[in-house]
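The file model13.txt contains compact mmCIF, C-alpha atoms:
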```
# COMPACT_ATOMS: atom_id res chain seq x y z
CA MET A 1 15.03 -10.40 6.50
CA GLY A 2 12.07 -8.23 5.68
CA LEU A 3 8.78 -7.76 3.93
CA GLN A 4 8.44 -6.77 0.27
CA LEU A 5 5.52 -5.65 -1.84
CA LYS A 6 5.72 -8.08 -4.75
CA SER A 7 2.62 -7.57 -6.89
CA LEU A 8 -0.27 -5.15 -7.30
CA ARG A 9 -3.41 -5.72 -9.36
CA VAL A 10 -5.89 -2.94 -10.07
CA HIS A 11 -9.33 -3.14 -11.67
CA GLY A 12 -11.82 -0.36 -12.29
CA PHE A 13 -9.92 2.45 -10.57
CA ARG A 14 -9.69 5.82 -12.28
CA GLY A 15 -7.85 5.45 -15.62
CA ILE A 16 -6.91 1.81 -14.97
CA ASP A 17 -9.36 -0.92 -15.92
CA ASN A 18 -7.12 -3.99 -15.60
CA LEU A 19 -3.45 -3.86 -14.62
CA GLU A 20 -0.79 -5.95 -12.89
CA VAL A 21 2.51 -4.49 -11.64
CA ASP A 22 5.42 -6.53 -10.25
CA PHE A 23 7.80 -4.74 -7.89
CA GLU A 24 11.49 -5.12 -7.12
CA PRO A 25 13.05 -4.18 -3.75
CA THR A 26 13.46 -0.69 -5.23
CA THR A 27 10.98 0.35 -7.92
CA VAL A 28 10.80 3.65 -9.80
CA LEU A 29 7.67 4.59 -11.74
CA VAL A 30 8.50 6.50 -14.92
CA GLY A 31 6.07 7.74 -17.56
CA THR A 32 4.48 10.69 -19.27
CA ASN A 33 1.68 12.75 -17.75
CA ASN A 34 -1.59 10.81 -17.40
CA ALA A 35 0.21 7.50 -17.87
CA GLY A 36 -1.16 6.18 -14.56
CA LYS A 37 1.74 6.67 -12.13
CA THR A 38 -0.36 8.57 -9.58
CA THR A 39 -3.25 6.12 -9.94
CA ILE A 40 -0.92 3.22 -9.04
CA LEU A 41 0.21 5.06 -5.90
CA LYS A 42 -3.36 6.02 -5.02
CA SER A 43 -4.47 2.39 -5.38
CA LEU A 44 -1.83 1.42 -2.81
CA GLN A 45 -3.06 4.21 -0.57
CA LEU A 46 -6.63 2.98 -0.92
CA ALA A 47 -5.64 -0.57 0.04
CA LEU A 48 -3.20 0.25 2.84
CA SER A 49 -4.86 3.21 4.54
CA ASN A 50 -8.18 4.91 5.19
CA SER A 51 -7.09 8.37 4.11
CA LEU A 52 -8.34 8.35 0.51
CA GLN A 53 -11.91 9.56 0.01
CA ILE A 54 -13.81 7.84 -2.83
CA THR A 55 -15.93 9.76 -5.31
CA ASP A 56 -17.79 8.89 -8.52
CA ASP A 57 -14.74 9.99 -10.52
CA ASP A 58 -12.64 7.21 -8.98
CA PHE A 59 -14.57 4.51 -10.83
CA HIS A 60 -13.23 3.66 -14.26
CA TYR A 61 -15.28 4.62 -17.27
CA SER A 62 -14.71 4.96 -21.00
CA ASP A 63 -16.80 5.13 -24.15
CA ALA A 64 -17.22 1.34 -24.02
CA ILE A 65 -17.01 0.49 -20.28
CA ILE A 66 -18.44 1.84 -17.03
CA ARG A 67 -17.30 0.09 -13.84
CA ASN A 68 -19.28 0.12 -10.58
CA LYS A 69 -16.65 -1.71 -8.51
CA ILE A 70 -13.00 -1.11 -7.64
CA VAL A 71 -10.87 -4.19 -6.94
CA ILE A 72 -7.26 -4.03 -5.71
CA ASP A 73 -5.17 -7.12 -4.90
CA ILE A 74 -1.83 -6.85 -3.08
CA LEU A 75 0.82 -9.52 -2.57
CA PHE A 76 3.62 -9.35 0.03
CA ILE A 77 6.48 -11.83 0.32
CA SER A 78 9.27 -12.44 2.82
CA VAL A 79 12.78 -11.67 1.56
CA ASP A 80 16.33 -12.05 2.81
CA GLU A 81 18.95 -9.29 3.02
CA GLU A 82 19.66 -9.62 -0.71
CA GLY A 83 16.01 -9.17 -1.62
CA LYS A 84 15.40 -12.81 -2.57
CA GLN A 85 12.18 -14.54 -1.52
CA ILE A 86 12.47 -16.98 1.36
CA ALA A 87 10.10 -19.71 2.52
CA GLU A 88 8.77 -18.19 5.75
CA PHE A 89 8.14 -14.87 7.44
CA GLU A 90 10.24 -13.99 10.43
CA ASP A 91 8.59 -14.61 13.79
CA LYS A 92 8.19 -10.88 14.39
CA TRP A 93 6.30 -10.49 11.10
CA ALA A 94 4.22 -13.59 11.71
CA THR A 95 3.22 -12.16 15.08
CA VAL A 96 2.24 -8.79 13.63
CA LEU A 97 0.45 -10.15 10.56
CA THR A 98 -1.09 -13.10 12.47
CA VAL A 99 -0.85 -16.64 11.15
CA ASN A 100 -4.49 -16.81 10.05
CA ARG A 101 -3.77 -14.21 7.36
CA ILE A 102 -0.56 -15.81 6.06
CA THR A 103 -1.09 -18.33 3.26
CA ILE A 104 1.08 -20.56 1.07
CA ASP A 105 1.84 -20.10 -2.63
CA SER A 106 2.19 -22.82 -5.27
CA GLU A 107 5.87 -23.28 -4.36
CA GLY A 108 5.14 -23.82 -0.68
CA LYS A 109 6.38 -20.37 0.41
CA GLN A 110 4.49 -18.16 2.83
CA ILE A 111 2.80 -15.07 1.40
CA LEU A 112 0.50 -12.33 2.59
CA ALA A 113 -2.17 -11.38 0.06
CA PHE A 114 -5.43 -9.51 0.45
CA ARG A 115 -8.10 -7.86 -1.66
CA THR A 116 -9.72 -4.45 -1.30
CA VAL A 117 -13.17 -3.95 -2.82
CA VAL A 118 -15.01 -0.64 -3.04
CA GLU A 119 -18.67 -0.52 -4.06
CA GLU A 120 -21.45 2.00 -3.75
CA ASN A 121 -23.75 1.70 -0.75
CA LEU A 122 -27.07 2.59 -2.38
CA LEU A 123 -28.96 2.88 0.92
CA ARG A 124 -26.61 5.50 2.34
CA LYS A 125 -25.53 7.08 -0.94
CA SER A 126 -21.91 6.44 0.00
CA TYR A 127 -19.14 3.96 -0.77
CA LYS A 128 -18.33 0.83 1.20
CA LYS A 129 -14.85 -0.62 1.45
CA LYS A 130 -14.25 -4.29 2.28
CA GLN A 131 -11.07 -6.34 2.51
CA PHE A 132 -10.59 -10.09 2.10
CA ILE A 133 -7.81 -12.59 2.62
CA ILE A 134 -6.58 -14.10 -0.66
CA ASP A 135 -5.99 -17.78 0.07
CA GLU A 136 -4.37 -18.44 -3.31
CA TRP A 137 -2.62 -15.95 -5.57
CA GLY A 138 -3.82 -17.10 -8.99
CA ASP A 139 -2.90 -16.24 -12.56
CA PHE A 140 -3.65 -12.84 -14.02
CA TYR A 141 -5.81 -14.62 -16.60
CA ASN A 142 -6.80 -18.18 -17.38
CA GLU A 143 -9.49 -19.63 -19.62
CA GLU A 144 -11.34 -21.31 -16.76
CA ASP A 145 -11.68 -18.42 -14.30
CA ASP A 146 -11.32 -15.44 -16.67
CA PHE A 147 -9.39 -12.46 -15.27
CA TRP A 148 -8.13 -12.39 -11.68
CA TYR A 149 -10.83 -10.01 -10.42
CA SER A 150 -13.59 -12.47 -11.38
CA LYS A 151 -12.62 -14.75 -8.50
CA ASN A 152 -14.36 -14.14 -5.16
CA TYR A 153 -12.99 -14.62 -1.65
CA ASP A 154 -15.06 -15.33 1.45
CA GLN A 155 -12.72 -14.63 4.37
CA GLU A 156 -13.40 -10.97 5.11
CA LEU A 157 -11.10 -9.03 7.37
CA SER A 158 -12.85 -7.87 10.51
CA PHE A 159 -10.75 -4.69 10.50
CA TYR A 160 -8.82 -2.73 7.91
CA PHE A 161 -5.33 -3.91 7.12
CA ASP A 162 -3.15 -1.31 8.82
CA GLU A 163 -0.01 -3.16 9.95
CA ILE A 164 1.87 -1.91 6.89
CA PRO A 165 1.02 1.81 6.73
CA PHE A 166 1.31 3.67 3.45
CA PHE A 167 2.07 7.39 3.39
CA TYR A 168 1.46 9.34 0.21
CA LEU A 169 3.03 12.77 -0.08
CA ASP A 170 2.28 14.90 -3.13
CA ALA A 171 5.33 17.08 -3.85
CA ASN A 172 6.55 19.84 -1.54
CA ARG A 173 3.10 21.26 -0.81
CA ASP A 174 1.93 18.21 1.15
CA ILE A 175 5.31 17.76 2.83
CA LEU A 176 5.16 21.31 4.20
CA ASP A 177 1.59 20.77 5.38
CA ASP A 178 2.61 17.53 7.10
CA LEU A 179 5.53 19.22 8.83
CA LYS A 180 3.20 21.85 10.28
CA ASN A 181 0.54 19.35 11.35
CA LYS A 182 1.51 17.63 14.62
CA THR A 183 -1.08 14.88 14.07
CA SER A 184 0.37 13.86 10.67
CA PHE A 185 2.93 11.08 10.23
CA LEU A 186 5.88 13.45 9.76
CA GLY A 187 4.53 15.75 12.44
CA LYS A 188 4.45 12.92 14.99
CA ILE A 189 8.02 11.96 14.14
CA LEU A 190 9.29 15.51 14.52
CA SER A 191 7.36 16.11 17.74
CA SER A 192 8.94 13.00 19.28
CA ILE A 193 12.49 14.20 18.66
CA ILE A 194 14.30 15.54 21.71
CA TYR A 195 16.78 18.28 20.93
CA ASN A 196 19.82 18.87 23.14
CA MET A 197 21.03 22.46 22.94
CA ILE A 198 24.60 23.23 23.95
CA ILE A 199 25.70 26.87 24.14
CA ARG A 200 29.39 27.58 24.22
CA ASN A 201 31.12 30.88 24.70
CA HIS A 202 34.32 30.71 22.69
CA SER A 203 36.84 33.03 24.24
CA SER A 204 40.25 33.76 22.81
CA LYS A 205 41.72 31.13 25.16
CA ASP A 206 39.26 28.52 23.83
CA LYS A 207 40.35 29.30 20.29
CA LEU A 208 44.00 28.88 21.24
CA LYS A 209 43.26 25.48 22.80
CA GLN A 210 41.51 24.36 19.62
```
If you convert what's in this file into C-alpha cells, what do you get?
Amino acid sequence: MGLQLKSLRVHGFRGIDNLEVDFEPTTVLVGTNNAGKTTILKSLQLALSNSLQITDDDFHYSDAIIRNKIVIDILFISVDEEGKQIAEFEDKWATVLTVNRITIDSEGKQILAFRTVVEENLLRKSYKKKQFIIDEWGDFYNEEDDFWYSKNYDQELSFYFDEIPFFYLDANRDILDDLKNKTSFLGKILSSIIYNMIIRNHSSKDKLKQ
C-alpha cells in the first residue's frame, strides 16, 4: 500500500488561471511548447517544497485578467498494490502525516488535502506563502460556492508540508549540477554510497581456472 497524488488544482499561476488535473499511478504530461507542462510541475514544486522563488511574473495575467494571488490545492489518497484507492492510510503514513491533517472524503475514505496560497507582502515588498488543511475536497465548480478557489480554509499549517518532498530536475543541465553538489538531493544520495573496490591480478593460472 502506498500514497498517490490524485488531484491538483491551480489558480493564478503563470499561464494557468484555473485548472484541475487528475493523476493516475503513472502519469505522462504531453503537449506542445507553452502548453503548460512546466507550469504544472512548478506548481507541484511550489506546494511541496521551498525551493521555488516567486516573482511578479509568476502571477497570472492576460488582457482581461490580472491575478494577485496564487492558489494550489493538492489531494493525496491511499492506494493498494494495484493502485486502487483504499479506505485508510497505513499506520506508517498516518504517523508521518499525523492524524490531525488526515480528513475524510464524501465516501468515508481517508484523504490528505492541503492548500498553498501565495500573496504579496506589501510591508516587506516580498511574497508570503501559507498552507492550509483542506477539510473537505469539494467540486471544481458549483453554483452555490462558485469555483473551488473561492472557498477559504481556516486551519493553517504551522510549518510547511515537507513529508512528501518533490524534486524538480530540468533536463541534463540540472542533473549534472545536482551530481556535483553534495548538498543536493542526488548529491546526498551519491555521497552516502559506500563503494567496495576489489583488485584482482589475473595470472595465466587464474585464466586457466576460469
Query raised in the report: Nearest to Trp93 (chain A): which of A:Gln155, A:Ser192, A:Thr26, A:Gln4 is it, counting all atoms listed in the file?
Result: A:Gln4
Report task. Would you list the contacts of Phe13 (chain A) as a list of chain:residue names, taking every protein, DNA or RNA residue within 10 Å and counting only C-alpha atoms, but skipping same-chain residues closer than 2 positions in sequence? Result -> A:Val10, A:His11, A:Gly15, A:Ile16, A:Asp17, A:Asn18, A:Leu19, A:Thr39, A:Ile40, A:Lys42, A:Ser43, A:Asp57, A:Asp58, A:Phe59, A:His60, A:Tyr61, A:Arg67, A:Asn68, A:Lys69, A:Ile70, A:Val71, A:Ile72, A:Val118
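Minimum distance to Phe132 (chain A) across A:Tyr149, A:Leu112, A:Glu156, A:Leu8 (counting all atoms listed in the file) occurs at A:Glu156.
CA of Arg115 (chain A) is found 20.5 Å from CA of Asp56 (chain A).
The neighbours of Lys109 (chain A) here are the residues that come within 6 Å of it, using all atoms listed in the file and leaving out any residue fewer than 3 positions away in the same chain; they are Ala87, Ile104 and Asp105 of chain A.
If you measure from each of A:Asn121, A:Leu52, A:Ile77, A:Gly12 to Ile65 (chain A) using only C-alpha atoms, the closest one turns out to be A:Gly12.
Here CA of Tyr168 (chain A) stands at a distance of 17.4 Å from CA of Phe23 (chain A).
We find CA of Asp22 (chain A) and CA of Ser7 (chain A) to be spaced 4.5 Å apart.
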